There are 2 protein chains.
Amino acid sequence: MKFGVVIFPSKKLQDVANSYRKRYDPHYALISPHLTIKEVFEASEEELKDVTSALALAAKETNPFDLTIRKVSSFSPVNNVVYLKVEPTDELQHLYDRVHSGMLDQEVPYSFVPHITIGQKLSDDEHLDMYSQLQLVDVSHEEKVDRFHLLYQLENGTWTVYETFHLGGK
Amino acid sequence: MKFGVVIFPSKKLQDVANSYRKRYDPHYALISPHLTIKEVFEASEEELKDVTSALALAAKETNPFDLTIRKVSSFSPVNNVVYLKVEPTDELQHLYDRVHSGMLDQEVPYSFVPHITIGQKLSDDEHLDMYSQLQLVDVSHEEKVDRFHLLYQLENGTWTVYETFHLGGK
């Protein structure tokens, strides 16, 4: 089975993100707006118990933190992906490191740039449109993160939550 | 905010349910296949803490149980809803009662018929088609349930998981 680990931001921020995703993100119907902290990985039913134990420990040993957004950014020209840039924090980096070490070790092609995708698989024109439009919008936002989720993917591409993990072990 | 409480069955059963939902259920893109144990209810951010405490206690005091499906059924003529009928168990009824008592008390128009919807908002013809077709299919299935989830609804109608609760307090 395919798994992934994400933070779902507050309803408020998800609603904002969806207002753009509806038009610009073909993954709109597959998963709620999220900050990915561990990209898709394979695990068997048998491995699942060890995976959840490792994630529970990572959660316990990471403090809740502030998620701050100040601007919209883009991975262009590498990828025509537009996103809400999440300001890096020590806790977020720590969490990322923890869910990529030990039994959770994973080859990742990119370095960690915390973000919430609001547009992807855009043509160059669509990308330019969306990105230039969004430069004029104030997307400043701040909220507390106290949890993350382990998800698995169904055959139709949608994601279902398997479990919630609370930061700081609460 | 609008909340609901559901059990997500295994990936295997969700994939089966989605193979029908894709065609017959307009809620296909809004939520993964599920067994509703508490219909949509309103709660404020302030009430959320008490709601989660009450759900945690209900989870702790309910044992994991077997989810057994033997047949496809329908709420017609009241509603053109086709579903995988989940065999009632004491634990499931106990869980249902617990999430409808105390601070979780809620007016509900129907009695509890455990089910996983695979078709709804069907015309009479569609309903007849789907239902008669499915009488020929063996949908027998059994699995263990050890958790349920509290979800909230976004403005676009989709549902995001807020928290997982483990039965038996594990």
# chains A, B, ... in the order shown; residues from 1 in each chain; ligands from 1
>>> interface_residues(of="chain A", to="chain B", cutoff="12 Å", atoms="only C-alpha atoms", output="PyMOL selection string")
chain A and resi 1-3+6-22+27-34+45+145-166
>>> write_last_selection(atoms="N, CA and C atoms", output="compact mmCIF listing (two decimals), in the first residue's frame")
# COMPACT_ATOMS: atom_id res chain seq x y z
N MET A 1 0.83 -1.21 0.00
CA MET A 1 0.00 0.00 0.00
C MET A 1 0.86 1.26 0.00
N LYS A 2 0.30 2.31 -0.57
CA LYS A 2 1.01 3.59 -0.61
C LYS A 2 0.56 4.48 0.53
N PHE A 3 1.55 5.01 1.23
CA PHE A 3 1.28 5.88 2.37
C PHE A 3 1.92 7.25 2.15
N VAL A 6 1.09 13.93 6.18
CA VAL A 6 0.79 15.34 5.92
C VAL A 6 0.28 16.05 7.17
N ILE A 7 0.38 17.37 7.11
CA ILE A 7 -0.31 18.24 8.07
C ILE A 7 -1.49 18.87 7.33
N PHE A 8 -2.69 18.73 7.90
CA PHE A 8 -3.82 19.48 7.37
C PHE A 8 -3.91 20.79 8.15
N PRO A 9 -3.81 21.93 7.49
CA PRO A 9 -3.96 23.18 8.22
C PRO A 9 -5.42 23.37 8.64
N SER A 10 -5.72 24.48 9.30
CA SER A 10 -7.07 24.75 9.80
C SER A 10 -8.07 24.81 8.65
N LYS A 11 -9.36 24.64 9.00
CA LYS A 11 -10.42 24.77 8.00
C LYS A 11 -10.29 26.09 7.25
N LYS A 12 -10.02 27.16 7.98
CA LYS A 12 -9.94 28.49 7.37
C LYS A 12 -8.91 28.51 6.23
N LEU A 13 -7.72 27.99 6.53
CA LEU A 13 -6.66 28.00 5.52
C LEU A 13 -6.97 27.02 4.39
N GLN A 14 -7.58 25.89 4.72
CA GLN A 14 -7.95 24.92 3.68
C GLN A 14 -8.98 25.52 2.72
N ASP A 15 -9.93 26.29 3.30
CA ASP A 15 -10.94 26.91 2.43
C ASP A 15 -10.29 27.90 1.47
N VAL A 16 -9.33 28.68 1.97
CA VAL A 16 -8.60 29.62 1.11
C VAL A 16 -7.86 28.85 0.02
N ALA A 17 -7.11 27.83 0.41
CA ALA A 17 -6.34 27.05 -0.55
C ALA A 17 -7.26 26.44 -1.61
N ASN A 18 -8.40 25.91 -1.17
CA ASN A 18 -9.32 25.27 -2.12
C ASN A 18 -9.92 26.25 -3.12
N SER A 19 -10.05 27.52 -2.70
CA SER A 19 -10.61 28.51 -3.63
C SER A 19 -9.71 28.62 -4.87
N TYR A 20 -8.41 28.38 -4.71
CA TYR A 20 -7.50 28.36 -5.86
C TYR A 20 -7.39 26.96 -6.47
N ARG A 21 -7.30 25.95 -5.61
CA ARG A 21 -7.10 24.58 -6.09
C ARG A 21 -8.23 24.12 -7.02
N LYS A 22 -9.45 24.56 -6.70
CA LYS A 22 -10.60 24.15 -7.50
C LYS A 22 -10.33 24.38 -8.99
N HIS A 27 -5.36 17.79 -8.38
CA HIS A 27 -5.48 16.90 -7.21
C HIS A 27 -6.56 17.37 -6.23
N TYR A 28 -7.25 18.41 -6.62
CA TYR A 28 -8.31 19.01 -5.79
C TYR A 28 -9.26 17.98 -5.18
N ALA A 29 -9.68 17.01 -5.98
CA ALA A 29 -10.68 16.04 -5.51
C ALA A 29 -10.05 14.84 -4.80
N LEU A 30 -8.73 14.77 -4.79
CA LEU A 30 -8.07 13.56 -4.27
C LEU A 30 -7.69 13.67 -2.80
N ILE A 31 -7.45 14.91 -2.35
CA ILE A 31 -6.97 15.11 -0.98
C ILE A 31 -7.25 16.55 -0.57
N SER A 32 -7.49 16.78 0.72
CA SER A 32 -7.69 18.14 1.22
C SER A 32 -6.35 18.88 1.17
N PRO A 33 -6.41 20.22 1.20
CA PRO A 33 -5.16 21.01 1.20
C PRO A 33 -4.26 20.58 2.35
N HIS A 34 -2.96 20.50 2.07
CA HIS A 34 -2.07 19.91 3.06
C HIS A 34 -0.64 20.39 2.87
N GLU A 45 1.13 -4.25 5.08
CA GLU A 45 0.31 -4.34 6.30
C GLU A 45 1.20 -4.70 7.50
N VAL A 145 0.17 24.43 14.83
CA VAL A 145 0.08 23.04 14.38
C VAL A 145 0.35 22.14 15.58
N ASP A 146 -0.57 21.20 15.85
CA ASP A 146 -0.37 20.31 17.00
C ASP A 146 -0.55 18.84 16.62
N ARG A 147 -0.63 18.55 15.31
CA ARG A 147 -0.88 17.16 14.89
C ARG A 147 -0.47 16.94 13.44
N PHE A 148 -0.27 15.69 13.08
CA PHE A 148 -0.16 15.34 11.66
C PHE A 148 -0.83 13.99 11.44
N HIS A 149 -0.96 13.60 10.16
CA HIS A 149 -1.73 12.41 9.83
C HIS A 149 -0.98 11.47 8.90
N LEU A 150 -1.16 10.19 9.12
CA LEU A 150 -0.69 9.16 8.20
C LEU A 150 -1.87 8.78 7.30
N LEU A 151 -1.65 8.82 5.99
CA LEU A 151 -2.71 8.53 5.02
C LEU A 151 -2.33 7.37 4.13
N TYR A 152 -3.30 6.72 3.55
CA TYR A 152 -3.03 5.73 2.51
C TYR A 152 -3.87 6.04 1.29
N GLN A 153 -3.38 5.57 0.15
CA GLN A 153 -4.03 5.92 -1.10
C GLN A 153 -4.90 4.78 -1.60
N LEU A 154 -6.12 5.11 -2.01
CA LEU A 154 -7.01 4.12 -2.62
C LEU A 154 -6.68 3.97 -4.10
N GLU A 155 -7.28 2.94 -4.71
CA GLU A 155 -7.01 2.68 -6.13
C GLU A 155 -7.44 3.83 -7.04
N ASN A 156 -8.41 4.62 -6.60
CA ASN A 156 -8.87 5.74 -7.44
C ASN A 156 -8.02 7.00 -7.26
N GLY A 157 -6.95 6.89 -6.46
CA GLY A 157 -6.05 8.03 -6.28
C GLY A 157 -6.35 8.90 -5.08
N THR A 158 -7.52 8.72 -4.45
CA THR A 158 -7.86 9.52 -3.27
C THR A 158 -7.13 8.99 -2.04
N TRP A 159 -7.05 9.84 -1.03
CA TRP A 159 -6.33 9.49 0.19
C TRP A 159 -7.27 9.42 1.38
N THR A 160 -7.08 8.40 2.21
CA THR A 160 -7.87 8.22 3.43
C THR A 160 -6.92 8.30 4.62
N VAL A 161 -7.38 8.92 5.71
CA VAL A 161 -6.54 8.99 6.91
C VAL A 161 -6.53 7.67 7.65
N TYR A 162 -5.35 7.19 7.98
CA TYR A 162 -5.24 5.99 8.80
C TYR A 162 -5.13 6.37 10.28
N GLU A 163 -4.34 7.40 10.55
CA GLU A 163 -4.14 7.74 11.96
C GLU A 163 -3.66 9.18 12.16
N THR A 164 -4.03 9.74 13.31
CA THR A 164 -3.59 11.07 13.73
C THR A 164 -2.48 10.94 14.75
N PHE A 165 -1.48 11.79 14.67
CA PHE A 165 -0.42 11.82 15.68
C PHE A 165 -0.33 13.22 16.28
N HIS A 166 -0.26 13.27 17.60
CA HIS A 166 -0.26 14.56 18.29
C HIS A 166 1.16 14.97 18.66
>>> calpha_fit_and_write(fixed="chain A", moving="chain B", output="mmCIF file with C-alpha atoms, in the first residue's frame")
data_model
loop_
_atom_site.group_PDB
_atom_site.id
_atom_site.type_symbol
_atom_site.label_atom_id
_atom_site.label_comp_id
_atom_site.auth_asym_id
_atom_site.auth_seq_id
_atom_site.Cartn_x
_atom_site.Cartn_y
_atom_site.Cartn_z
ATOM 1 C CA MET B 1 0.008 0.003 -0.005
ATOM 2 C CA LYS B 2 0.991 3.581 -0.612
ATOM 3 C CA PHE B 3 1.261 5.892 2.369
ATOM 4 C CA GLY B 4 2.044 9.546 2.943
ATOM 5 C CA VAL B 5 2.338 11.877 5.936
ATOM 6 C CA VAL B 6 0.786 15.335 5.919
ATOM 7 C CA ILE B 7 -0.310 18.250 8.070
ATOM 8 C CA PHE B 8 -3.828 19.483 7.368
ATOM 9 C CA PRO B 9 -3.969 23.190 8.219
ATOM 10 C CA SER B 10 -7.072 24.753 9.798
ATOM 11 C CA LYS B 11 -10.418 24.763 7.991
ATOM 12 C CA LYS B 12 -9.937 28.479 7.364
ATOM 13 C CA LEU B 13 -6.663 28.014 5.510
ATOM 14 C CA GLN B 14 -7.948 24.922 3.679
ATOM 15 C CA ASP B 15 -10.937 26.902 2.420
ATOM 16 C CA VAL B 16 -8.609 29.617 1.107
ATOM 17 C CA ALA B 17 -6.339 27.054 -0.563
ATOM 18 C CA ASN B 18 -9.325 25.261 -2.123
ATOM 19 C CA SER B 19 -10.603 28.498 -3.646
ATOM 20 C CA TYR B 20 -7.490 28.337 -5.884
ATOM 21 C CA ARG B 21 -7.106 24.564 -6.104
ATOM 22 C CA LYS B 22 -10.594 24.139 -7.507
ATOM 23 C CA ARG B 23 -9.423 25.834 -10.671
ATOM 24 C CA TYR B 24 -5.678 25.198 -10.704
ATOM 25 C CA ASP B 25 -4.966 21.882 -9.012
ATOM 26 C CA PRO B 26 -6.006 18.567 -10.612
ATOM 27 C CA HIS B 27 -5.472 16.901 -7.209
ATOM 28 C CA TYR B 28 -8.301 19.014 -5.789
ATOM 29 C CA ALA B 29 -10.676 16.050 -5.504
ATOM 30 C CA LEU B 30 -8.057 13.568 -4.270
ATOM 31 C CA ILE B 31 -6.969 15.120 -0.973
ATOM 32 C CA SER B 32 -7.677 18.141 1.217
ATOM 33 C CA PRO B 33 -5.161 21.021 1.188
ATOM 34 C CA HIS B 34 -2.062 19.898 3.064
ATOM 35 C CA LEU B 35 1.597 20.356 3.886
ATOM 36 C CA THR B 36 3.436 17.154 2.937
ATOM 37 C CA ILE B 37 6.035 16.109 5.480
ATOM 38 C CA LYS B 38 6.714 12.698 3.956
ATOM 39 C CA GLU B 39 6.146 11.928 0.288
ATOM 40 C CA VAL B 40 4.400 8.774 -0.873
ATOM 41 C CA PHE B 41 6.130 5.564 0.270
ATOM 42 C CA GLU B 42 5.330 1.880 0.094
ATOM 43 C CA ALA B 43 4.657 -0.185 3.215
ATOM 44 C CA SER B 44 3.024 -3.565 3.732
ATOM 45 C CA GLU B 45 0.302 -4.341 6.290
ATOM 46 C CA GLU B 46 3.032 -6.059 8.314
ATOM 47 C CA GLU B 47 5.300 -3.010 8.305
ATOM 48 C CA LEU B 48 2.448 -0.685 9.221
ATOM 49 C CA LYS B 49 2.741 -1.279 12.942
ATOM 50 C CA ASP B 50 6.423 -0.309 12.955
ATOM 51 C CA VAL B 51 5.699 2.709 10.770
ATOM 52 C CA THR B 52 3.014 3.993 13.150
ATOM 53 C CA SER B 53 5.280 3.396 16.179
ATOM 54 C CA ALA B 54 8.067 5.373 14.532
ATOM 55 C CA LEU B 55 5.674 8.202 13.620
ATOM 56 C CA ALA B 56 4.241 8.249 17.148
ATOM 57 C CA LEU B 57 7.754 8.643 18.555
ATOM 58 C CA ALA B 58 8.572 11.408 16.036
ATOM 59 C CA ALA B 59 5.357 13.206 17.061
ATOM 60 C CA LYS B 60 6.085 12.847 20.746
ATOM 61 C CA GLU B 61 9.550 14.306 20.332
ATOM 62 C CA THR B 62 8.434 17.329 18.292
ATOM 63 C CA ASN B 63 6.843 20.353 19.935
ATOM 64 C CA PRO B 64 3.717 22.012 18.528
ATOM 65 C CA PHE B 65 4.737 24.960 16.363
ATOM 66 C CA ASP B 66 3.451 27.995 14.495
ATOM 67 C CA LEU B 67 2.666 27.647 10.828
ATOM 68 C CA THR B 68 3.273 31.016 9.209
ATOM 69 C CA ILE B 69 2.488 32.000 5.646
ATOM 70 C CA ARG B 70 3.665 35.307 4.237
ATOM 71 C CA LYS B 71 3.604 34.798 0.489
ATOM 72 C CA VAL B 72 2.760 32.779 -2.561
ATOM 73 C CA SER B 73 5.712 31.182 -4.317
ATOM 74 C CA SER B 74 6.428 28.823 -7.218
ATOM 75 C CA PHE B 75 8.732 25.917 -8.106
ATOM 76 C CA SER B 76 8.931 27.220 -11.682
ATOM 77 C CA PRO B 77 10.951 26.725 -13.869
ATOM 78 C CA VAL B 78 11.596 23.240 -12.398
ATOM 79 C CA ASN B 79 7.878 22.614 -11.921
ATOM 80 C CA ASN B 80 4.861 24.773 -12.629
ATOM 81 C CA VAL B 81 3.660 24.410 -9.064
ATOM 82 C CA VAL B 82 2.261 27.417 -7.189
ATOM 83 C CA TYR B 83 2.104 27.214 -3.413
ATOM 84 C CA LEU B 84 1.591 28.998 -0.134
ATOM 85 C CA LYS B 85 5.116 29.186 1.225
ATOM 86 C CA VAL B 86 5.315 27.974 4.816
ATOM 87 C CA GLU B 87 8.065 29.718 6.764
ATOM 88 C CA PRO B 88 10.658 27.166 7.938
ATOM 89 C CA THR B 89 10.877 26.557 11.680
ATOM 90 C CA ASP B 90 13.221 24.387 13.708
ATOM 91 C CA GLU B 91 10.331 22.177 14.814
ATOM 92 C CA LEU B 92 9.101 21.595 11.278
ATOM 93 C CA GLN B 93 12.612 20.731 10.084
ATOM 94 C CA HIS B 94 13.064 18.482 13.104
ATOM 95 C CA LEU B 95 9.800 16.716 12.319
ATOM 96 C CA TYR B 96 10.797 16.306 8.681
ATOM 97 C CA ASP B 97 14.165 14.858 9.685
ATOM 98 C CA ARG B 98 12.538 12.466 12.135
ATOM 99 C CA VAL B 99 10.101 11.068 9.558
ATOM 100 C CA HIS B 100 13.019 10.459 7.184
ATOM 101 C CA SER B 101 15.354 8.645 9.537
ATOM 102 C CA GLY B 102 15.666 5.164 11.020
ATOM 103 C CA MET B 103 13.043 2.815 9.599
ATOM 104 C CA LEU B 104 11.371 5.831 7.942
ATOM 105 C CA ASP B 105 14.454 6.539 5.841
ATOM 106 C CA GLN B 106 13.530 7.426 2.267
ATOM 107 C CA GLU B 107 15.266 8.673 -0.875
ATOM 108 C CA VAL B 108 13.861 12.105 -1.693
ATOM 109 C CA PRO B 109 14.690 13.959 -4.892
ATOM 110 C CA TYR B 110 14.231 17.467 -3.459
ATOM 111 C CA SER B 111 15.283 19.256 -0.313
ATOM 112 C CA PHE B 112 12.497 20.158 2.121
ATOM 113 C CA VAL B 113 10.642 23.325 1.136
ATOM 114 C CA PRO B 114 7.563 23.478 3.380
ATOM 115 C CA HIS B 115 4.569 24.433 1.268
ATOM 116 C CA ILE B 116 0.855 24.051 0.649
ATOM 117 C CA THR B 117 0.237 23.480 -3.046
ATOM 118 C CA ILE B 118 -2.566 25.545 -4.576
ATOM 119 C CA GLY B 119 -1.809 24.992 -8.264
ATOM 120 C CA GLN B 120 0.024 22.284 -10.224
ATOM 121 C CA LYS B 121 0.306 20.659 -13.653
ATOM 122 C CA LEU B 122 -0.213 24.127 -15.102
ATOM 123 C CA SER B 123 0.725 25.158 -18.613
ATOM 124 C CA ASP B 124 3.266 27.986 -18.798
ATOM 125 C CA ASP B 125 0.445 30.434 -19.556
ATOM 126 C CA GLU B 126 -1.755 29.239 -16.721
ATOM 127 C CA HIS B 127 1.213 29.371 -14.387
ATOM 128 C CA LEU B 128 2.043 32.932 -15.371
ATOM 129 C CA ASP B 129 -1.609 33.981 -15.012
ATOM 130 C CA MET B 130 -2.068 32.435 -11.607
ATOM 131 C CA TYR B 131 1.274 33.469 -10.202
ATOM 132 C CA SER B 132 1.154 37.083 -11.299
ATOM 133 C CA GLN B 133 -2.461 37.389 -10.112
ATOM 134 C CA LEU B 134 -1.535 36.029 -6.683
ATOM 135 C CA GLN B 135 1.372 38.428 -6.224
ATOM 136 C CA LEU B 136 -1.323 41.033 -5.587
ATOM 137 C CA VAL B 137 -3.104 39.069 -2.874
ATOM 138 C CA ASP B 138 -2.259 39.247 0.816
ATOM 139 C CA VAL B 139 -2.115 35.624 1.952
ATOM 140 C CA SER B 140 -0.550 36.310 5.375
ATOM 141 C CA HIS B 141 -1.692 33.756 7.875
ATOM 142 C CA GLU B 142 -0.556 32.234 11.138
ATOM 143 C CA GLU B 143 -1.832 29.282 13.108
ATOM 144 C CA LYS B 144 -0.743 26.572 15.520
ATOM 145 C CA VAL B 145 0.080 23.030 14.373
ATOM 146 C CA ASP B 146 -0.372 20.310 16.976
ATOM 147 C CA ARG B 147 -0.887 17.152 14.887
ATOM 148 C CA PHE B 148 -0.167 15.346 11.640
ATOM 149 C CA HIS B 149 -1.737 12.416 9.832
ATOM 150 C CA LEU B 150 -0.691 9.153 8.194
ATOM 151 C CA LEU B 151 -2.729 8.543 5.026
ATOM 152 C CA TYR B 152 -3.048 5.729 2.512
ATOM 153 C CA GLN B 153 -4.031 5.917 -1.116
ATOM 154 C CA LEU B 154 -7.012 4.119 -2.622
ATOM 155 C CA GLU B 155 -7.006 2.677 -6.137
ATOM 156 C CA ASN B 156 -8.868 5.742 -7.450
ATOM 157 C CA GLY B 157 -6.038 8.032 -6.278
ATOM 158 C CA THR B 158 -7.860 9.525 -3.266
ATOM 159 C CA TRP B 159 -6.322 9.499 0.193
ATOM 160 C CA THR B 160 -7.869 8.218 3.427
ATOM 161 C CA VAL B 161 -6.539 9.002 6.908
ATOM 162 C CA TYR B 162 -5.226 5.999 8.804
ATOM 163 C CA GLU B 163 -4.132 7.746 11.962
ATOM 164 C CA THR B 164 -3.599 11.069 13.728
ATOM 165 C CA PHE B 165 -0.404 11.820 15.669
ATOM 166 C CA HIS B 166 -0.254 14.567 18.293
ATOM 167 C CA LEU B 167 2.871 16.682 18.605
ATOM 168 C CA GLY B 168 4.484 16.755 22.026
ATOM 169 C CA GLY B 169 2.868 13.405 22.759
ATOM 170 C CA LYS B 170 -0.372 14.960 23.971
#
>>> select_by_dssp(residues="range 3-155 of chain A", states="alpha helix (DSSP H)", output="PyMOL selection string")
chain A and resi 11-24+45-60+90-98+124-134
>>> select_by_dssp(residues="chain A", states="strand (DSSP E or B)", output="number ranges by chain")
A: 2-7, 35-42, 65-74, 82-86, 115-119, 141-145, 147-153, 159-166
>>> decode(residues="range 111-122 of chain A", atoms="N, CA, C and O atoms", output="mmCIF file, in the first residue's frame")
data_model
loop_
_atom_site.group_PDB
_atom_site.id
_atom_site.type_symbol
_atom_site.label_atom_id
_atom_site.label_comp_id
_atom_site.auth_asym_id
_atom_site.auth_seq_id
_atom_site.Cartn_x
_atom_site.Cartn_y
_atom_site.Cartn_z
ATOM 1 N N SER A 111 15.122 18.876 -1.733
ATOM 2 C CA SER A 111 15.283 19.261 -0.330
ATOM 3 C C SER A 111 13.918 19.733 0.187
ATOM 4 O O SER A 111 12.986 19.965 -0.583
ATOM 5 N N PHE A 112 13.790 19.855 1.498
ATOM 6 C CA PHE A 112 12.488 20.150 2.113
ATOM 7 C C PHE A 112 12.160 21.642 2.005
ATOM 8 O O PHE A 112 12.840 22.472 2.615
ATOM 9 N N VAL A 113 11.151 21.946 1.240
ATOM 10 C CA VAL A 113 10.639 23.323 1.147
ATOM 11 C C VAL A 113 9.178 23.260 1.594
ATOM 12 O O VAL A 113 8.300 22.862 0.828
ATOM 13 N N PRO A 114 8.929 23.631 2.868
ATOM 14 C CA PRO A 114 7.563 23.464 3.381
ATOM 15 C C PRO A 114 6.576 24.312 2.575
ATOM 16 O O PRO A 114 6.810 25.511 2.373
ATOM 17 N N HIS A 115 5.511 23.697 2.120
ATOM 18 C CA HIS A 115 4.573 24.429 1.270
ATOM 19 C C HIS A 115 3.207 23.758 1.235
ATOM 20 O O HIS A 115 3.079 22.564 1.529
ATOM 21 N N ILE A 116 2.207 24.548 0.891
ATOM 22 C CA ILE A 116 0.853 24.045 0.660
ATOM 23 C C ILE A 116 0.517 24.353 -0.803
ATOM 24 O O ILE A 116 0.357 25.520 -1.181
ATOM 25 N N THR A 117 0.458 23.306 -1.611
ATOM 26 C CA THR A 117 0.235 23.485 -3.052
ATOM 27 C C THR A 117 -1.165 24.028 -3.316
ATOM 28 O O THR A 117 -2.145 23.536 -2.761
ATOM 29 N N ILE A 118 -1.252 25.037 -4.173
ATOM 30 C CA ILE A 118 -2.573 25.553 -4.576
ATOM 31 C C ILE A 118 -2.765 25.480 -6.097
ATOM 32 O O ILE A 118 -3.866 25.710 -6.593
ATOM 33 N N GLY A 119 -1.692 25.175 -6.836
ATOM 34 C CA GLY A 119 -1.815 24.994 -8.282
ATOM 35 C C GLY A 119 -0.709 24.080 -8.776
ATOM 36 O O GLY A 119 0.428 24.187 -8.310
ATOM 37 N N GLN A 120 -1.023 23.148 -9.677
ATOM 38 C CA GLN A 120 0.019 22.292 -10.238
ATOM 39 C C GLN A 120 -0.416 21.740 -11.586
ATOM 40 O O GLN A 120 -1.583 21.852 -11.958
ATOM 41 N N LYS A 121 0.559 21.166 -12.307
ATOM 42 C CA LYS A 121 0.325 20.668 -13.667
ATOM 43 C C LYS A 121 -0.260 21.769 -14.553
ATOM 44 O O LYS A 121 -1.183 21.536 -15.343
ATOM 45 N N LEU A 122 0.259 22.978 -14.377
ATOM 46 C CA LEU A 122 -0.222 24.139 -15.126
ATOM 47 C C LEU A 122 0.603 24.299 -16.399
ATOM 48 O O LEU A 122 1.805 24.015 -16.410
#
